[in-house]
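Q: Next up is a structure, given as structure tokens.
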There are 2 protein chains.
Amino acid sequence: MDRTDAEALDAADPLAGFRDEFVVADEGLVYFDGNSLGRLPRRTADRLAKVVSDGWGTGLVRSWSAWIDLPGQVGDRLAAAALGAAGGQVVVGDSTTVNLYKLAAAALDGRPGRRAVVCDPGDFPTDRYVMAGLAQARGLEIRPVAPGGRLGSVLDGDVALVMFSMVDYRSGEIADVPAITDAAHRAGALTLWDLSHAAGAVDVHLDAWGVDLATGCTYKYLNAGPGAPAWLYVRDALREQLLPPVWGWFGQRDQFEMGAAFEPAPGIRRWVSGTPAVLGLVALDEALAVLERAGIGRVRAKSIALTTVAAGLADDWLAPLGFSLASPDDARRRGSHLALRHPEARRLSRALREEAATVPDFRPPDLLRVGLSPLTTRFTEVWDGFDRIRRLAADAAWDRYDPSPETVT
Amino acid sequence: MDRTDAEALDAADPLAGFRDEFVVADEGLVYFDGNSLGRLPRRTADRLAKVVSDGWGTGLVRSWSAWIDLPGQVGDRLAAAALGAAGGQVVVGDSTTVNLYKLAAAALDGRPGRRAVVCDPGDFPTDRYVMAGLAQARGLEIRPVAPGGRLGSVLDGDVALVMFSMVDYRSGEIADVPAITDAAHRAGALTLWDLSHAAGAVDVHLDAWGVDLATGCTYKYLNAGPGAPAWLYVRDALREQLLPPVWGWFGQRDQFEMGAAFEPAPGIRRWVSGTPAVLGLVALDEALAVLERAGIGRVRAKSIALTTVAAGLADDWLAPLGFSLASPDDARRRGSHLALRHPEARRLSRALREEAATVPDFRPPDLLRVGLSPLTTRFTEVWDGFDRIRRLAADAAWDRYDPSPETVT
């Protein structure tokens, strides 16, 4: 494959124009980290400025009449655009970490007497840590298994909850959500899915798959900005059965009557804890407008095309230089990033950022992650980025770079 | 008192110029709700625009090197400016509700075997609900008492935690934090203080008072904007003893090594759960720059002067119209808002907003709250606002206004 092939793919890409809806301050930069922080949609800056100036500055507290329902309104929009979920099941708020805690704790309360949980020992740290904390507090047994592993050997009537990520943060492998959810249900367990690396990049059908609970961040493929609030999904059928562990004023029925006892709001709003983060909600709302116009089907198709091109270049150019693909060979089983294993991945990642205007990221111990964000990544950008990786790796002057641990994400 | 007296007070006010550091879009508006949502500092809009455009748009994920320590950096700044706390004890993140939950749960874990908690049945709803949820989950007895009540009758060796608000959200009464903290400690209990209605308006000396744990929002007197993150304080001496219930990746020692087991970060950072809300943190940072220049001592002095003028006008003008002061008579025992009791307070609040360009708020069942924000409220604004209240109340045409519950804050 040479660069003209990549140019032809860009020319034929139905989503090519969407890159113009985002701020691209440096066209020379290869950005392979939209899976950590997605680019800024052009209209988001204006929308935020307007909310700050008009909503906060001029409207003052009166603007809360427009803001108070944002968690559910933006949640519904997200549910339709990216989650395959009907309205009334998603709210936006808190962080992924706090939502994992709230959902897992509620699920455990909803399966009293069961003393075990199933989760992935290779899951993203916050998922593992949240579950370890809950397990320690409640004296639960953690049964470790990967979502692609032998689930049958750990699932029995003592399992309260199965918690996995849909897309592995290292390999990018997509879990078989419907099959795992079915298996968990047959054992009487609930399922909690972390979709941080999935939402906005792959097809998701939470309702059709029978998923019980889910959460995810919004600053990766959903492009809502640094530290924007996460979302959570609670299946309609469970809404009245489960109660969040954090009983907050915003989850109260007849909130402004400020009643003596906590009475959970009848709908999904009981999961809203404290005051909604207005700026982050508005940023997500604006980013969803872009995603809606693109359509998640076209986004997924481009994601597959991007990782296919990238995997081909990795095979042709990087395998001879000591790299191996740590992602599934089948593009349909991959999310929108690739993991490339290399013994000097940490220093290579630094070198790419510092000397080659290329921003991938590193995940210990030896993975270079290449995130391909369907709305903003070009095929020529993939080609250029892999070209820079092969040149740097061929140079192999690793001693110039600091091998000490990262301090940034 | 006539309006020229108020003008003289403004002329002599050393903080008068600070109002110009905030956006005042409508000089005719009397804003008595800075205790719900503080005004927008002028420089905040520019700072946010810059972070969005340069930090997110241009810097992309690389900007996390500047953002990742914001929870502790802004926490330290807040601690020094408004909390009377040395560095390393405050982080900014999550909501007040989530922080109350995290701190209370950790305190209960830190006092195993004790089966009771003390809290105020008249506290702000989220405080009561969070504690009710924890008490139900853990089978604890709630011993209700107001912070000004007979604490001695409920404090014994079975009490794990005493949780109060420093400033009552209705009356504005200031609790005797050091005395209550001492009493709790003599019983071997920990203390958790909600400073939402205190921080940025009254003198706070968390270190000197021996407070164990505290939290509060930042969108009231701290002027950080709608839904900006809350803060939490954990006394240095307790830091290694207490563990948050939510074990998050951002609280992990050597975060980017992504280790197998959760090892809490040695300092206050263990209390950071998920990804920091960058926009809210930056807005708080900018607002603190204004507070630092004013100085909390001058802020408190003006707060006392403002509520003294307001209480005098309430007495002179409103008492004859059926209002009574539901706040302490002694200004030193009041925060920065007054509560005026009136049987038609709900409709009066609506009428003031709709017809008299005056924004107070209503708290059930019969309180009109008048918030006086020392950095932005003028003495003439107090005079004008009370003049509008007396005119409307004298008119007494309540039937024109909807008596149904509020749906905005």
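To be explicit about the labels: the chains of the structure tokens are called A, B, and onward in the order shown, and within each one the residues are counted from 1, while ligands get numbers from 1 in the order they are shown.
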Which neighbours of B:Pro266 fall inside 12 Å, counting only C-alpha atoms, when residues of the same chain fewer than 5 positions from it are skipped, and could you give them as an NGL selection string?

A: :B and (88-89 or 236 or 238-243 or 251-255 or 271-272)

Q: Restricting the output to C-alpha atoms, write the selected residues as a PDB file, in the first residue's frame.

A:
```
ATOM      1  CA  GLY B  88      -2.408  18.402  51.064  1.00  0.00           C
ATOM      2  CA  GLN B  89      -5.779  17.945  52.739  1.00  0.00           C
ATOM      3  CA  ASP B 236      -3.848  15.103  57.721  1.00  0.00           C
ATOM      4  CA  LEU B 238      -6.623  10.692  59.305  1.00  0.00           C
ATOM      5  CA  ARG B 239      -5.282  10.388  55.811  1.00  0.00           C
ATOM      6  CA  GLU B 240      -3.550   7.080  56.260  1.00  0.00           C
ATOM      7  CA  GLN B 241      -6.299   5.714  58.509  1.00  0.00           C
ATOM      8  CA  LEU B 242      -9.272   6.212  56.239  1.00  0.00           C
ATOM      9  CA  LEU B 243      -9.900   4.664  52.879  1.00  0.00           C
ATOM     10  CA  GLY B 251      -6.558   7.479  43.544  1.00  0.00           C
ATOM     11  CA  GLN B 252      -4.009   4.776  42.761  1.00  0.00           C
ATOM     12  CA  ARG B 253      -0.327   5.058  43.672  1.00  0.00           C
ATOM     13  CA  ASP B 254       1.721   5.009  40.455  1.00  0.00           C
ATOM     14  CA  GLN B 255      -1.454   5.476  38.474  1.00  0.00           C
ATOM     15  CA  TRP B 271      -9.790  10.483  47.400  1.00  0.00           C
ATOM     16  CA  VAL B 272      -9.857  11.346  43.707  1.00  0.00           C
TER      17      VAL B 272
END
```

Q: Step one, run DSSP on the backbone; step two, keep only residues of stretch 47-217 of chain B assigned to alpha helix (DSSP H); then write them as number ranges by chain.

A: B: 47-50, 64-67, 70-78, 96-110, 125-138, 177-186, 206-209

Q: Pick out the closest residue to chain A from this set: B:Arg391, B:Arg170, B:Arg235, B:Arg378. Count only C-alpha atoms.

A: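 Smallest distance to chain A is found for B:Arg170.
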
Q: May I have the residues within 7 Å of stretch 360-376 of chain B as a VMD selection string, using only C-alpha atoms and disregarding those fewer than 5 positions away in the same chain?

A: (chain A and resid 257) or (chain B and resid 15 18 to 19 31 to 35 221 299 302 to 303 306 336 to 346 349)
